[in-house]
Amino acid sequence: QQPVQSPQAVILREGEDAVINCSSSKALYSVHWYRQKHGEAPVFLMILLKGGEQKGHEKISASFNEKKQQSSLYLTASQLSYSGTYFCGTEASGTYKYIFGTGTRLKVLA
Amino acid sequence: GAGVSQSPRYKVAKRGQDVALRCDPISGHVSLFWYQQALGQGPEFLTYFQNEAQLDKSGLPSDRFFAERPEGSVSTLKIQRTQQEDSAVYLCASSLRGAQADTQYFGPGTRLTVL
């Protein structure tokens, strides 16, 4: 079942912060976050592993609550280059199938 | 090469034609994934290879779709008797190991349009 992301879309001014949430109905082994710009392939941002390990990327960080089967992506002091669609990606334990979330469209305005 | 490459980048096919889409993963990468991405949607899993073994093909929409990776490097996704609903971007991704939690590196995709 596809993870659900919220919000579906968000508009920010440069310098503002944003949080994107990803929620799964199935147990998670890991959560990945990707950003995709229009007409381009998804680009890896970070990975979070079972056990609550967090890995950040400059002004982007994320958390993973395995009990709640949720992950959140935190964008701090957003830049114009952050615009795009953000996807969480998950694999359920014991499967090779990889599922992307519903996506969050983010637009940063000058 | 430096990254994952796919060819052709754009393909227009008449309904009923067969097409073959190629993916060149990063050299040495064990895992290879194929995804289908419809306009405005997220990528949807099609199939997964670990070296030459196709370990999961549960996402292939019908028996018209077939994927192979005979020598554990280059992969081909073949679609027979294409239909209009096959129009989408087909993405290939590779990762270094066979681990579930490994980072995937995506190619630029092949945009397939079926008329």
# chains A, B, ... in the order shown; residues from 1 in each chain; ligands from 1
call {"tool": "residues_around", "arguments": {"residues": "stretch 29-41 of chain A", "least_positions_apart": "2", "cutoff": "7 Å", "atoms": "only C-alpha atoms", "output": "PyMOL selection string"}}
result
(chain A and resi 27+43-50+84-93) or (chain B and resi 101+106-109)
call {"tool": "interface_residues", "arguments": {"of": "chain B", "to": "chain A", "cutoff": "10 Å", "atoms": "only C-alpha atoms", "output": "VMD selection string"}}
result
chain B and resid 33 35 39 to 50 55 to 59 89 91 to 93 98 to 109 111
call {"tool": "closest_residue", "arguments": {"among": "A:Ala110, A:Glu14, A:Leu80, A:Cys22", "to": "A:Lys68", "atoms": "only C-alpha atoms"}}
result
A:Cys22
call {"tool": "atom_distance", "arguments": {"atom1": "atom CA of B:Arg9", "atom2": "atom CA of A:Val108"}}
result
28.9 Å
call {"tool": "select_by_dssp", "arguments": {"residues": "chain A", "states": "strand (DSSP E or B)", "output": "VMD selection string"}}
result
chain A and resid 4 to 6 9 to 13 18 to 23 30 to 36 43 to 49 53 57 60 to 65 70 to 75 84 to 91 99 to 100 104 to 109
call {"tool": "closest_residue", "arguments": {"among": "B:Pro8, B:Asn51, B:Thr113, B:Phe66", "to": "B:Leu32", "atoms": "only C-alpha atoms"}}
result
B:Asn51
call {"tool": "closest_residue", "arguments": {"among": "B:Ile26, B:Ser94, B:Ala20, B:Lys14", "to": "B:Phe65", "atoms": "only C-alpha atoms"}}
result
B:Ala20
call {"tool": "residues_around", "arguments": {"residues": "B:Glu52", "least_positions_apart": "2", "cutoff": "8 Å", "atoms": "only C-alpha atoms", "output": "CSV table (one decimal) with N, CA and C atoms, in the first residue's frame"}}
result
chain,number,residue,atom,x,y,z
B,49,PHE,N,16.1,-6.5,-10.2
B,49,PHE,CA,17.1,-7.5,-10.4
B,49,PHE,C,18.2,-7.4,-9.4
B,50,GLN,N,18.7,-8.5,-9.0
B,50,GLN,CA,20.0,-8.6,-8.3
B,50,GLN,C,20.9,-9.4,-9.2
B,54,GLN,N,16.2,-12.0,-11.7
B,54,GLN,CA,15.0,-11.2,-11.5
B,54,GLN,C,14.2,-11.7,-10.3
B,68,GLU,N,14.8,-8.1,-18.7
B,68,GLU,CA,15.9,-9.0,-18.6
B,68,GLU,C,17.2,-8.3,-18.3
B,69,ARG,N,18.1,-9.0,-17.7
B,69,ARG,CA,19.4,-8.5,-17.4
B,69,ARG,C,20.4,-9.6,-17.5
B,70,PRO,N,20.6,-10.1,-18.7
B,70,PRO,CA,21.3,-11.4,-18.9
B,70,PRO,C,22.7,-11.6,-18.3
B,71,GLU,N,23.5,-10.5,-18.3
B,71,GLU,CA,24.8,-10.6,-17.8
B,71,GLU,C,25.0,-9.8,-16.5
B,72,GLY,N,23.9,-9.4,-15.9
B,72,GLY,CA,24.1,-8.7,-14.7
B,72,GLY,C,24.5,-7.3,-14.7
B,73,SER,N,24.4,-6.7,-16.0
B,73,SER,CA,24.8,-5.3,-16.1
B,73,SER,C,23.6,-4.6,-16.8
call {"tool": "residues_around", "arguments": {"residues": "stretch 19-21 of chain A", "least_positions_apart": "3", "cutoff": "9 Å", "atoms": "only C-alpha atoms", "output": "JSON, numbers by chain"}}
result
{"A": [4, 5, 6, 7, 8, 70, 71, 72, 73, 74, 75, 76, 86, 88, 104]}
call {"tool": "residues_around", "arguments": {"residues": "B:Cys23", "least_positions_apart": "5", "cutoff": "7 Å", "atoms": "only C-alpha atoms", "output": "list in words"}}
result
Ser5, Gln6, Ser7, Val74, Ser75, Thr76 and Cys92 of chain B
call {"tool": "write_last_selection", "arguments": {"atoms": "C-alpha atoms", "output": "CSV table (one decimal), in the first residue's frame"}}
result
chain,number,residue,atom,x,y,z
B,5,SER,CA,22.0,6.1,-18.6
B,6,GLN,CA,18.9,5.1,-20.5
B,7,SER,CA,18.1,5.0,-24.2
B,74,VAL,CA,22.7,-3.8,-18.9
B,75,SER,CA,19.0,-4.3,-18.7
B,76,THR,CA,16.2,-4.1,-21.3
B,92,CYS,CA,15.7,2.8,-14.3
call {"tool": "atom_distance", "arguments": {"atom1": "atom CA of A:Lys107", "atom2": "atom CA of A:Arg13"}}
result
8.4 Å
